[in-house]
Amino acid sequence: MNKPLDLPELDHPAPGAVAIRRALLNHLIYTVGKDPLTATDRDWFFASAAVLRERMIERWMETMRSYYVQDRKRVYYLSMEFLMGRSMMNSMLNICCEKEFQDALDDLADAGLKPERLREMEHDAALGNGGLGRLAACFLDSMATLGVAGYGYGIRYEYGMFHQSIEGGQQVEHPDNWLRYGNPWEFPRPEVLYPVQFHGRVVDYVDNHGRRHSQWVDTSEVMAMAYDTPIPGYATGTVNNMRLWAAKSSRDFDLNYFNEGNYIRAVQDKNESENLSKVLYPSDSTEMGRELRLKQQYFFVSASLQDMLYRFAKSNLPLAQLPQKVAIQLNDTHPSIGIAELMRILLDLQQLDWERAWGITVRTFAYTNHTLMPEALETWPVALFERVLPRHLQIIYEINHRFLKDVMHRYPDDPSLWRRVSLIEEGSEKRVRMAHLAVVGSHRVNGVAQIHTRLMKETIFADFHRLWPDKIVNMTNGVTQRRWLHQANPALSDLLSSRIGKGWLKDLSKLRELTPLAQDAPFRAAFAQVKLANKSRLAQLILQRQGLEVDPRSMFDVQVKRIHEYKRQLLNVLHVITLYNRIREGADVPARTVIFAGKAAPAYHMAKLVIRLINDVADVVNSDVQVRGLLKVVFIPNYDVSTAEVIIPAADLSEQISTAGTEASGTGNMKLALNGALTIGTLDGANVEMREEIGAENFFIFGLTADEVAAQRAAGYNPWLHYDNDAQLQQVLHMLRDGYFSPDEPGRYKAVFDALTYGGDRFMLLADYALYVACQEAVSALYRDPEAWTTRAILNVAGMGKFSSDRAIAQYAKGIWNV
Ligand SMILES: *Cc1c(COP(=O)(O)O)cnc(C)c1O
């Protein structure tokens, strides 16, 4: 048990290049089963993964064992999404032997191995939509690096985020069959198997002591099987665990069908229950309220809670001690059914009384809110809940009853308050408000940037803030500098380390030491050289993938993120068209390459229309000789973590232009600034704090503030006022309306024009248009002075120390988890 499995010949010597080389050959032959003579790039990738994985296992076991022996308080991060990307470079860096491994790979070139192709063989683990899922991945990295006993719990989707291709200018979705060649990082645990119940009904009974109890019976059952993935910390012995659940049918065959000779039907049933973990819902920041989605949520939450309580039981402590040993963090409301589930376990299975069960539950859970937008706040029809989780609905009603009784006691004359805070939304169709369940059932609720937390207190959760003034706290997001600077941008990492040492890899605040180097001409030249090389690398990718030539000396103006109206890619397009018109009129501007990437939810028609518009504008602009190479537009397909790792280090300008008050934090903004892009953005999300840290003089801010947006909306915002007073804006909008970019179908973008005018311009693009265009002129002016630009780029990197997920996790640990 204590002695790990070894392959013949391999005796875990110091991880030098020679030993790694031998291990690679061993694994190619004995694990992958291939002769070096015929091995493909993929075979070599699997051999490399096996070597790295082997080096993680002992530390992983040692970490788990030490948590157990020390009886450490565990942090469970419950998330429907983990957007991990690739793991090979990360394991190499974190486990030991980045340099030696690279040397070993170079060494094996004569055996047919092509190191640069190997990396590309790994399929992204894209079990998430965007920022929320990537945050979860950064948090796992930071928890492991800081030695927090943190576990990620989620779903092992068989199909992750769809693959996007662009055909005829339009998004086409393809299934992401990421497990086709196997996943070398995961360990299936067929013995870690929990039953999860659905449907059925509730019966009440009275026990021997005359106490009333409820029992959930006649349920149908699905099994949850664990798959574990090691999460190595950086330069530490710690290797944490991410446990994802796959649905398995509870029996291989339903014996009834089998006895009736209906073998086919029995197998079909098996498939149906296994559908639960089949596919990730590809919609970001909007909810679609489908039964399968609710079942996915309960499925993984139920299995995770059973697993945590099994682990807790080994400590032999009474359940009253649970909050001292367990912290559960809800990544958005998606896992908030866990609050009702823990109550059910404590009440129905452990027979605790309500008050004790509720005290334990509230002190164990904490909830992270990710959005203020009403359409993104999850609610479920009561009728659906009653059918799928009848006992949980009862418990939610009881939570609500007791909560409202308390509110009525404190505010007896305010029935509209009672209605507003209720966990049940009344109306033609009654619905359960999951955000209210999460707030009432948690001891802490956090926003993800200062402005977002302030707006939570002032708007969606204002009533709750009045009830519990200490419950809502701020935990500004961060990203892991190991992946987003060191791995994605090795040249910049080396340059920084050569001047300030490698301390920033574990303590990002050390980047402040770069401040004086902004005045150092040789450093500036080296910094600019790195940026240019990264831009050339991206230009290569664009040429390969799209056959489009772009000039690395032009300004790379980058907006990469999910396509969403609130993120205002369309405002960027309006600027592109404005610039196009000015260039055709003879304006002299510095050359720009405007780069977009991002996926639209498959059913989000306006977002898909924006993708098509970007591609149509690109066609017109890129083939117009009058543009004289001063403007190029590129839409890079299939934005995912691996694509981000190539685009972000190459950006000069980072577009963070959401309507103020809509982007909770953003993390793309952080990754870009960390890689030396200047930001053009609104005072929204973490942009506000980034500007504070970096200095307003190094940051391009424009547009309405969140308070101004709210005031204009309250007063009745009228987009026509801006339209009527701005000839340049009119010209741009008319080009859209009249089919300038879609001559084959002139009405194609009429809906875009209408949304911005007759439709009321929900995200106030027209209000910010002139300010945005003016701000872009200031950007262009600065770009004409390369020394000044690079100085500011360096100061941006120097100011990003706060935005490490290490800092965020340290704050959660102290302020919420008490670890
Ligand atoms: C960081 C990241 C995001 C989030 O970007 P925002 O600009 O904050 O919305 C989305 N997708 C991927 C692949 C990312 O790496």
# chains A, B, ... in the order shown; residues from 1 in each chain; ligands from 1
$ closest_atom_pairs --of "chain A" --to "ligand 1" --cutoff "10 Å" --atoms "only C-alpha atoms and all ligand atoms" --output "Markdown table"
| residue | atom | partner | partner_atom_place_in_ligand_line | distance |
| --- | --- | --- | --- | --- |
| A:Leu83 | CA | ligand 1 | 13 (C) | 7.5 |
| A:Met84 | CA | ligand 1 | 15 (O) | 9.1 |
| A:Gly85 | CA | ligand 1 | 13 (C) | 8.1 |
| A:Ala126 | CA | ligand 1 | 13 (C) | 8.5 |
| A:Gly128 | CA | ligand 1 | 11 (N) | 8.6 |
| A:Asn129 | CA | ligand 1 | 11 (N) | 6.8 |
| A:Gly130 | CA | ligand 1 | 10 (C) | 3.6 |
| A:Gly131 | CA | ligand 1 | 4 (C) | 3.6 |
| A:Leu132 | CA | ligand 1 | 4 (C) | 7.4 |
| A:Gly133 | CA | ligand 1 | 10 (C) | 8.2 |
| A:Arg134 | CA | ligand 1 | 2 (C) | 6.0 |
| A:Leu135 | CA | ligand 1 | 1 (C) | 7.6 |
| A:Ala137 | CA | ligand 1 | 15 (O) | 9.9 |
| A:Cys138 | CA | ligand 1 | 1 (C) | 9.6 |
| A:Asp284 | CA | ligand 1 | 9 (O) | 9.9 |
| A:Asn477 | CA | ligand 1 | 8 (O) | 10.0 |
| A:Val479 | CA | ligand 1 | 1 (C) | 8.2 |
| A:Trp484 | CA | ligand 1 | 15 (O) | 8.8 |
| A:Gln559 | CA | ligand 1 | 7 (O) | 7.8 |
| A:Val560 | CA | ligand 1 | 7 (O) | 6.2 |
| A:Lys561 | CA | ligand 1 | 7 (O) | 4.5 |
| A:Arg562 | CA | ligand 1 | 9 (O) | 6.0 |
| A:Ile563 | CA | ligand 1 | 9 (O) | 8.8 |
| A:His564 | CA | ligand 1 | 9 (O) | 9.4 |
| A:Lys567 | CA | ligand 1 | 9 (O) | 8.0 |
| A:Ala597 | CA | ligand 1 | 11 (N) | 9.5 |
| A:Gly598 | CA | ligand 1 | 11 (N) | 7.6 |
| A:Lys599 | CA | ligand 1 | 11 (N) | 8.9 |
| A:Asn638 | CA | ligand 1 | 13 (C) | 9.2 |
| A:Tyr639 | CA | ligand 1 | 13 (C) | 6.0 |
| A:Asp640 | CA | ligand 1 | 13 (C) | 3.9 |
| A:Val641 | CA | ligand 1 | 13 (C) | 4.0 |
| A:Ser642 | CA | ligand 1 | 13 (C) | 7.4 |
| A:Thr643 | CA | ligand 1 | 13 (C) | 7.4 |
| A:Ala644 | CA | ligand 1 | 15 (O) | 5.6 |
| A:Glu645 | CA | ligand 1 | 15 (O) | 7.7 |
| A:Ile648 | CA | ligand 1 | 15 (O) | 9.2 |
| A:Ser654 | CA | ligand 1 | 7 (O) | 9.4 |
| A:Glu655 | CA | ligand 1 | 7 (O) | 8.7 |
| A:Gln656 | CA | ligand 1 | 7 (O) | 7.2 |
| A:Ile657 | CA | ligand 1 | 7 (O) | 9.8 |
| A:Ser658 | CA | ligand 1 | 7 (O) | 9.7 |
| A:Glu663 | CA | ligand 1 | 9 (O) | 8.1 |
| A:Ala664 | CA | ligand 1 | 8 (O) | 9.0 |
| A:Ser665 | CA | ligand 1 | 8 (O) | 7.0 |
| A:Gly666 | CA | ligand 1 | 8 (O) | 3.4 |
| A:Thr667 | CA | ligand 1 | 8 (O) | 3.8 |
| A:Gly668 | CA | ligand 1 | 7 (O) | 3.6 |
| A:Asn669 | CA | ligand 1 | 7 (O) | 5.7 |
| A:Met670 | CA | ligand 1 | 8 (O) | 7.9 |
| A:Lys671 | CA | ligand 1 | 1 (C) | 7.0 |
| A:Leu672 | CA | ligand 1 | 7 (O) | 9.1 |
| A:Gly685 | CA | ligand 1 | 8 (O) | 9.4 |
| A:Ala686 | CA | ligand 1 | 8 (O) | 9.4 |
$ write_last_selection --atoms "N, CA and C atoms" --output "compact mmCIF listing (two decimals), in the first residue's frame"
# COMPACT_ATOMS: atom_id res chain seq x y z
N LEU A 83 -13.09 24.70 -16.10
CA LEU A 83 -12.52 24.91 -17.43
C LEU A 83 -11.00 24.79 -17.32
N MET A 84 -10.53 23.54 -17.35
CA MET A 84 -9.13 23.27 -17.00
C MET A 84 -8.15 23.53 -18.15
N GLY A 85 -8.59 23.33 -19.38
CA GLY A 85 -7.63 23.41 -20.49
C GLY A 85 -6.70 22.20 -20.46
N ALA A 126 -12.52 20.96 -21.47
CA ALA A 126 -13.35 22.18 -21.57
C ALA A 126 -14.68 21.95 -20.88
N GLY A 128 -16.48 23.66 -19.07
CA GLY A 128 -17.02 24.92 -18.60
C GLY A 128 -17.29 25.84 -19.77
N ASN A 129 -18.06 26.89 -19.49
CA ASN A 129 -18.45 27.83 -20.53
C ASN A 129 -17.47 28.98 -20.71
N GLY A 130 -17.00 29.54 -19.60
CA GLY A 130 -16.16 30.74 -19.71
C GLY A 130 -15.61 31.11 -18.35
N GLY A 131 -15.77 32.36 -17.97
CA GLY A 131 -15.13 32.91 -16.77
C GLY A 131 -15.40 32.12 -15.50
N LEU A 132 -16.65 31.73 -15.28
CA LEU A 132 -17.00 31.04 -14.03
C LEU A 132 -16.25 29.70 -13.89
N GLY A 133 -16.18 28.97 -14.99
CA GLY A 133 -15.50 27.67 -14.97
C GLY A 133 -13.99 27.83 -14.91
N ARG A 134 -13.47 28.87 -15.56
CA ARG A 134 -12.03 29.10 -15.52
C ARG A 134 -11.61 29.58 -14.12
N LEU A 135 -12.47 30.35 -13.47
CA LEU A 135 -12.19 30.78 -12.10
C LEU A 135 -12.02 29.56 -11.20
N ALA A 137 -11.02 26.66 -12.02
CA ALA A 137 -9.74 26.02 -12.33
C ALA A 137 -8.58 26.79 -11.70
N CYS A 138 -8.62 28.13 -11.78
CA CYS A 138 -7.56 28.94 -11.15
C CYS A 138 -7.58 28.74 -9.64
N ASP A 284 -24.09 30.54 -21.18
CA ASP A 284 -23.32 31.30 -20.22
C ASP A 284 -24.17 32.49 -19.78
N ASN A 477 -11.96 38.63 -7.71
CA ASN A 477 -11.39 37.50 -8.46
C ASN A 477 -9.89 37.68 -8.73
N VAL A 479 -6.48 35.46 -11.12
CA VAL A 479 -6.10 34.38 -12.04
C VAL A 479 -4.75 33.82 -11.59
N TRP A 484 -1.17 31.75 -16.59
CA TRP A 484 -1.49 32.86 -17.49
C TRP A 484 -0.32 33.78 -17.78
N GLN A 559 -10.49 41.55 -28.43
CA GLN A 559 -11.66 41.29 -27.58
C GLN A 559 -11.98 39.80 -27.65
N VAL A 560 -11.63 39.08 -26.59
CA VAL A 560 -11.84 37.63 -26.56
C VAL A 560 -12.59 37.25 -25.30
N LYS A 561 -13.76 36.68 -25.46
CA LYS A 561 -14.64 36.32 -24.35
C LYS A 561 -15.92 35.78 -24.95
N ARG A 562 -16.82 35.20 -24.12
CA ARG A 562 -18.11 34.77 -24.66
C ARG A 562 -18.79 35.93 -25.37
N ILE A 563 -19.52 35.59 -26.43
CA ILE A 563 -20.26 36.63 -27.15
C ILE A 563 -21.57 36.85 -26.41
N HIS A 564 -21.77 38.07 -25.94
CA HIS A 564 -22.96 38.39 -25.16
C HIS A 564 -23.28 39.86 -25.37
N LYS A 567 -21.58 42.31 -23.03
CA LYS A 567 -20.14 42.50 -23.20
C LYS A 567 -19.83 43.44 -24.37
N ALA A 597 -12.61 36.78 -30.66
CA ALA A 597 -12.84 35.34 -30.53
C ALA A 597 -13.87 35.14 -29.43
N GLY A 598 -14.66 34.09 -29.57
CA GLY A 598 -15.65 33.79 -28.53
C GLY A 598 -16.78 32.96 -29.08
N LYS A 599 -17.42 32.23 -28.19
CA LYS A 599 -18.54 31.38 -28.58
C LYS A 599 -19.85 32.02 -28.16
N ASN A 638 -13.28 29.06 -32.30
CA ASN A 638 -13.12 28.12 -31.19
C ASN A 638 -12.26 28.65 -30.04
N TYR A 639 -12.69 29.79 -29.50
CA TYR A 639 -11.99 30.32 -28.32
C TYR A 639 -12.11 29.35 -27.15
N ASP A 640 -10.97 28.88 -26.69
CA ASP A 640 -10.92 28.02 -25.51
C ASP A 640 -9.64 28.35 -24.75
N VAL A 641 -9.33 27.61 -23.69
CA VAL A 641 -8.18 27.97 -22.87
C VAL A 641 -6.90 27.94 -23.70
N SER A 642 -6.74 26.92 -24.54
CA SER A 642 -5.50 26.82 -25.31
C SER A 642 -5.37 27.94 -26.34
N THR A 643 -6.48 28.34 -26.94
CA THR A 643 -6.43 29.47 -27.87
C THR A 643 -6.11 30.75 -27.10
N ALA A 644 -6.73 30.90 -25.93
CA ALA A 644 -6.48 32.07 -25.10
C ALA A 644 -5.00 32.18 -24.77
N GLU A 645 -4.35 31.05 -24.54
CA GLU A 645 -2.94 31.06 -24.15
C GLU A 645 -2.04 31.55 -25.28
N ILE A 648 -3.63 35.86 -25.82
CA ILE A 648 -3.46 36.86 -24.75
C ILE A 648 -2.04 37.44 -24.68
N SER A 654 -6.52 45.59 -24.80
CA SER A 654 -7.52 44.68 -24.23
C SER A 654 -8.86 45.40 -24.15
N GLU A 655 -9.85 44.83 -24.81
CA GLU A 655 -11.18 45.47 -24.85
C GLU A 655 -12.05 44.91 -23.72
N GLN A 656 -12.40 45.77 -22.77
CA GLN A 656 -13.22 45.36 -21.61
C GLN A 656 -14.35 46.37 -21.48
N ILE A 657 -15.30 46.29 -22.40
CA ILE A 657 -16.19 47.42 -22.68
C ILE A 657 -17.66 47.13 -22.36
N SER A 658 -17.90 46.24 -21.39
CA SER A 658 -19.27 45.94 -20.96
C SER A 658 -19.97 47.20 -20.45
N GLU A 663 -20.80 43.49 -15.87
CA GLU A 663 -19.75 42.45 -15.78
C GLU A 663 -19.34 42.33 -14.32
N ALA A 664 -19.65 41.20 -13.69
CA ALA A 664 -19.42 41.09 -12.25
C ALA A 664 -17.96 41.39 -11.92
N SER A 665 -17.04 40.73 -12.59
CA SER A 665 -15.62 41.00 -12.36
C SER A 665 -14.87 41.00 -13.69
N GLY A 666 -15.01 39.88 -14.42
CA GLY A 666 -14.13 39.63 -15.55
C GLY A 666 -12.84 39.06 -15.01
N THR A 667 -12.25 38.15 -15.76
CA THR A 667 -10.91 37.66 -15.45
C THR A 667 -10.04 37.75 -16.70
N GLY A 668 -10.67 37.79 -17.87
CA GLY A 668 -9.93 37.99 -19.12
C GLY A 668 -9.19 39.33 -19.04
N ASN A 669 -9.84 40.34 -18.49
CA ASN A 669 -9.20 41.65 -18.31
C ASN A 669 -7.87 41.50 -17.55
N MET A 670 -7.86 40.64 -16.52
CA MET A 670 -6.64 40.45 -15.71
C MET A 670 -5.54 39.74 -16.50
N LYS A 671 -5.94 38.67 -17.20
CA LYS A 671 -4.94 37.91 -17.96
C LYS A 671 -4.25 38.80 -18.99
N LEU A 672 -5.04 39.66 -19.65
CA LEU A 672 -4.48 40.50 -20.70
C LEU A 672 -3.53 41.55 -20.13
N GLY A 685 -16.83 45.95 -13.17
CA GLY A 685 -16.15 44.77 -12.66
C GLY A 685 -14.78 45.11 -12.08
N ALA A 686 -13.84 44.23 -12.33
CA ALA A 686 -12.50 44.42 -11.76
C ALA A 686 -11.71 45.51 -12.49
$ residues_around --residues "A:Ser497" --least-positions-apart "4" --cutoff "12 Å" --atoms "only C-alpha atoms" --output "PyMOL selection string"
chain A and resi 485-486+490-493+501-505+508+510-511+513-514
$ select_by_dssp --residues "stretch 478-702 of chain A" --states "helix (DSSP H, G or I)" --output "CSV table (one decimal) with C-alpha atoms, in the first residue's frame"
chain,number,residue,atom,x,y,z
A,481,GLN,CA,0.0,33.7,-12.8
A,482,ARG,CA,1.6,30.2,-13.3
A,483,ARG,CA,-0.7,29.4,-16.2
A,484,TRP,CA,-1.5,32.9,-17.5
A,485,LEU,CA,2.0,34.3,-17.5
A,486,HIS,CA,4.6,31.7,-16.9
A,487,GLN,CA,3.2,29.0,-19.1
A,490,PRO,CA,7.5,31.9,-21.3
A,491,ALA,CA,9.5,34.7,-22.9
A,492,LEU,CA,8.0,37.4,-20.8
A,493,SER,CA,8.3,35.1,-17.7
A,494,ASP,CA,12.0,34.7,-18.3
A,495,LEU,CA,12.5,38.4,-18.9
A,496,LEU,CA,10.7,39.4,-15.7
A,497,SER,CA,12.6,36.7,-13.7
A,498,SER,CA,15.9,37.9,-15.0
A,499,ARG,CA,15.3,41.3,-13.5
A,500,ILE,CA,13.2,40.7,-10.3
A,503,GLY,CA,9.4,35.2,-6.4
A,504,TRP,CA,6.4,36.5,-8.4
A,505,LEU,CA,5.4,33.0,-9.3
A,508,LEU,CA,2.5,38.2,-7.5
A,509,SER,CA,2.7,41.4,-5.5
A,510,LYS,CA,6.5,41.3,-6.3
A,511,LEU,CA,5.6,42.6,-9.8
A,512,ARG,CA,5.7,46.1,-8.2
A,513,GLU,CA,9.5,45.8,-8.4
A,514,LEU,CA,9.1,46.3,-12.2
A,515,THR,CA,7.9,49.9,-11.8
A,516,PRO,CA,11.4,51.5,-12.0
A,517,LEU,CA,12.2,49.3,-15.0
A,518,ALA,CA,9.6,51.1,-17.1
A,519,GLN,CA,12.2,53.9,-17.2
A,521,ALA,CA,15.5,51.7,-22.0
A,522,PRO,CA,17.1,48.3,-22.5
A,523,PHE,CA,14.4,46.6,-20.5
A,524,ARG,CA,11.8,48.4,-22.6
A,525,ALA,CA,13.4,47.2,-25.7
A,526,ALA,CA,13.5,43.6,-24.5
A,527,PHE,CA,9.9,43.9,-23.3
A,528,ALA,CA,8.8,45.2,-26.8
A,529,GLN,CA,10.8,42.4,-28.4
A,530,VAL,CA,8.9,39.8,-26.4
A,531,LYS,CA,5.6,41.3,-27.4
A,532,LEU,CA,6.5,41.3,-31.0
A,533,ALA,CA,7.6,37.7,-31.0
A,534,ASN,CA,4.3,36.7,-29.3
A,535,LYS,CA,2.4,38.7,-32.0
A,536,SER,CA,4.4,36.9,-34.7
A,537,ARG,CA,3.4,33.6,-33.1
A,538,LEU,CA,-0.3,34.6,-33.2
A,539,ALA,CA,0.1,35.9,-36.8
A,540,GLN,CA,1.3,32.4,-37.7
A,541,LEU,CA,-1.7,30.8,-36.1
A,542,ILE,CA,-4.0,33.1,-38.0
A,543,LEU,CA,-2.3,32.4,-41.2
A,544,GLN,CA,-2.4,28.6,-40.6
A,545,ARG,CA,-6.0,28.5,-39.5
A,546,GLN,CA,-7.5,31.2,-41.6
A,565,GLU,CA,-24.9,41.6,-25.6
A,566,TYR,CA,-23.8,43.0,-22.3
A,567,LYS,CA,-20.1,42.5,-23.2
A,569,GLN,CA,-18.7,43.2,-29.0
A,570,LEU,CA,-21.2,45.1,-31.1
A,571,LEU,CA,-19.8,48.4,-29.8
A,572,ASN,CA,-16.4,47.3,-30.9
A,573,VAL,CA,-17.8,46.6,-34.3
A,574,LEU,CA,-19.3,50.0,-34.5
A,575,HIS,CA,-15.9,51.4,-33.8
A,576,VAL,CA,-14.3,49.2,-36.5
A,577,ILE,CA,-16.8,50.5,-39.0
A,578,THR,CA,-16.1,54.1,-37.9
A,579,LEU,CA,-12.4,53.5,-38.4
A,580,TYR,CA,-13.0,51.9,-41.8
A,581,ASN,CA,-15.0,54.9,-42.9
A,582,ARG,CA,-12.4,57.4,-41.7
A,583,ILE,CA,-9.6,55.5,-43.4
A,584,ARG,CA,-11.5,55.5,-46.7
A,605,HIS,CA,-29.7,34.4,-31.9
A,606,MET,CA,-28.5,38.0,-31.4
A,607,ALA,CA,-25.0,36.7,-30.3
A,608,LYS,CA,-24.8,34.5,-33.3
A,609,LEU,CA,-25.8,37.4,-35.5
A,610,VAL,CA,-23.0,39.4,-34.0
A,611,ILE,CA,-20.5,36.7,-34.9
A,612,ARG,CA,-21.8,36.7,-38.5
A,613,LEU,CA,-21.5,40.5,-38.6
A,614,ILE,CA,-17.9,40.4,-37.4
A,615,ASN,CA,-17.1,38.0,-40.2
A,616,ASP,CA,-19.0,40.0,-42.8
A,617,VAL,CA,-17.3,43.2,-41.7
A,618,ALA,CA,-13.9,41.3,-41.9
A,619,ASP,CA,-14.6,40.2,-45.5
A,620,VAL,CA,-15.4,43.8,-46.6
A,621,VAL,CA,-12.6,45.5,-44.7
A,622,ASN,CA,-9.9,42.9,-45.4
A,625,VAL,CA,-7.7,48.2,-51.3
A,626,GLN,CA,-8.6,51.7,-50.1
A,627,VAL,CA,-7.8,50.5,-46.5
A,641,VAL,CA,-8.2,28.0,-22.9
A,642,SER,CA,-5.5,26.8,-25.3
A,643,THR,CA,-6.4,29.5,-27.9
A,644,ALA,CA,-6.5,32.1,-25.1
A,645,GLU,CA,-2.9,31.1,-24.1
A,646,VAL,CA,-1.8,32.1,-27.6
A,647,ILE,CA,-3.9,35.2,-28.1
A,648,ILE,CA,-3.5,36.9,-24.8
A,649,PRO,CA,0.4,37.2,-24.7
A,650,ALA,CA,0.1,38.8,-28.2
A,668,GLY,CA,-9.9,38.0,-19.1
A,669,ASN,CA,-9.2,41.6,-18.3
A,670,MET,CA,-6.6,40.5,-15.7
A,671,LYS,CA,-4.9,37.9,-18.0
A,672,LEU,CA,-4.5,40.5,-20.7
A,673,ALA,CA,-3.1,43.2,-18.5
A,674,LEU,CA,-0.8,40.7,-16.8
A,687,ASN,CA,-11.5,47.1,-14.3
A,688,VAL,CA,-12.2,49.6,-11.5
A,689,GLU,CA,-9.7,48.0,-9.1
A,690,MET,CA,-7.2,47.3,-11.9
A,691,ARG,CA,-7.2,51.1,-12.8
A,692,GLU,CA,-6.6,51.9,-9.1
A,693,GLU,CA,-3.6,49.6,-8.9
A,694,ILE,CA,-2.2,50.4,-12.3
A,696,ALA,CA,-5.5,56.1,-14.2
A,697,GLU,CA,-2.8,57.6,-16.4
A,698,ASN,CA,-2.0,54.1,-17.7
$ select_by_dssp --residues "stretch 471-713 of chain A" --states "strand (DSSP E)" --output "PyMOL selection string"
chain A and resi 472-474+555-560+592-597+631-635+653-656+678-681+700-701
$ closest_residue --among "A:Leu736, A:Val222, A:Leu127, A:Leu78" --to "A:Thr333" --atoms "only C-alpha atoms"
A:Leu78
$ closest_residue --among "A:Leu548, A:Ile231, A:Ala149, A:Ala17" --to "A:Arg53" --atoms "only C-alpha atoms"
A:Ile231
$ closest_atom_pairs --of "stretch 294-372 of chain A" --to "stretch 196-210 of chain A" --cutoff "8 Å" --atoms "only C-alpha atoms" --output "Markdown table"
| residue | atom | partner | partner_atom | distance |
| --- | --- | --- | --- | --- |
| A:Phe299 | CA | A:Val196 | CA | 6.2 |
| A:Ser302 | CA | A:Val196 | CA | 6.4 |
| A:Ala303 | CA | A:Val196 | CA | 6.7 |
$ write_last_selection --atoms "all heavy atoms" --output "PDB file, in the first residue's frame"
ATOM      1  N   PHE A 299     -27.697  15.746  -8.957  1.00  0.00           N
ATOM      2  CA  PHE A 299     -26.857  14.552  -9.102  1.00  0.00           C
ATOM      3  C   PHE A 299     -25.470  14.771  -8.506  1.00  0.00           C
ATOM      4  O   PHE A 299     -25.006  13.998  -7.655  1.00  0.00           O
ATOM      5  CB  PHE A 299     -26.764  14.192 -10.594  1.00  0.00           C
ATOM      6  CG  PHE A 299     -25.668  13.228 -10.936  1.00  0.00           C
ATOM      7  CD1 PHE A 299     -25.801  11.885 -10.630  1.00  0.00           C
ATOM      8  CD2 PHE A 299     -24.507  13.659 -11.571  1.00  0.00           C
ATOM      9  CE1 PHE A 299     -24.794  10.985 -10.934  1.00  0.00           C
ATOM     10  CE2 PHE A 299     -23.503  12.769 -11.894  1.00  0.00           C
ATOM     11  CZ  PHE A 299     -23.644  11.426 -11.573  1.00  0.00           C
ATOM     12  N   SER A 302     -25.586  15.794  -4.599  1.00  0.00           N
ATOM     13  CA  SER A 302     -25.924  14.683  -3.712  1.00  0.00           C
ATOM     14  C   SER A 302     -24.721  13.755  -3.543  1.00  0.00           C
ATOM     15  O   SER A 302     -24.352  13.384  -2.413  1.00  0.00           O
ATOM     16  CB  SER A 302     -27.115  13.905  -4.284  1.00  0.00           C
ATOM     17  OG  SER A 302     -27.232  12.658  -3.640  1.00  0.00           O
ATOM     18  N   ALA A 303     -24.080  13.402  -4.644  1.00  0.00           N
ATOM     19  CA  ALA A 303     -22.918  12.510  -4.559  1.00  0.00           C
ATOM     20  C   ALA A 303     -21.802  13.173  -3.751  1.00  0.00           C
ATOM     21  O   ALA A 303     -21.166  12.532  -2.908  1.00  0.00           O
ATOM     22  CB  ALA A 303     -22.432  12.158  -5.962  1.00  0.00           C
TER      23      ALA A 303
END
$ atom_distance --atom1 "atom CA of A:Tyr281" --atom2 "atom CA of A:Ala376"
13.9 Å
$ closest_residue --among "A:Asp738, A:Asp35, A:Asp71, A:Asp624" --to "A:Gln324" --atoms "only C-alpha atoms"
A:Asp71
$ atom_distance --atom1 "atom CA of A:Asn271" --atom2 "atom CA of A:Glu191"
20.3 Å
$ atom_distance --atom1 "atom CA of A:Gln268" --atom2 "atom CA of A:Asp218"
21.1 Å
$ closest_residue --among "A:Tyr77, A:Phe139, A:Tyr298, A:Phe461" --to "A:Asp806" --atoms "only C-alpha atoms"
A:Phe139
$ closest_residue --among "A:Gly661, A:Gly112, A:Pro552, A:Gly478" --to "A:Ala591" --atoms "only C-alpha atoms"
A:Pro552
$ residues_around --residues "A:Glu274" --least-positions-apart "2" --cutoff "6 Å" --atoms "only C-alpha atoms" --output "JSON, numbers by chain"
{"A": [247, 248, 249, 271, 272, 276]}
$ residues_around --residues "A:Pro318" --least-positions-apart "3" --cutoff "12 Å" --atoms "only C-alpha atoms" --output "list in words"
Leu309, Phe312, Ala313, Lys314, Ser315, Gln321, Leu322, Pro323, Gln324, Lys325, Leu346, Gln350, Leu352, Arg356 and Ile360 of chain A
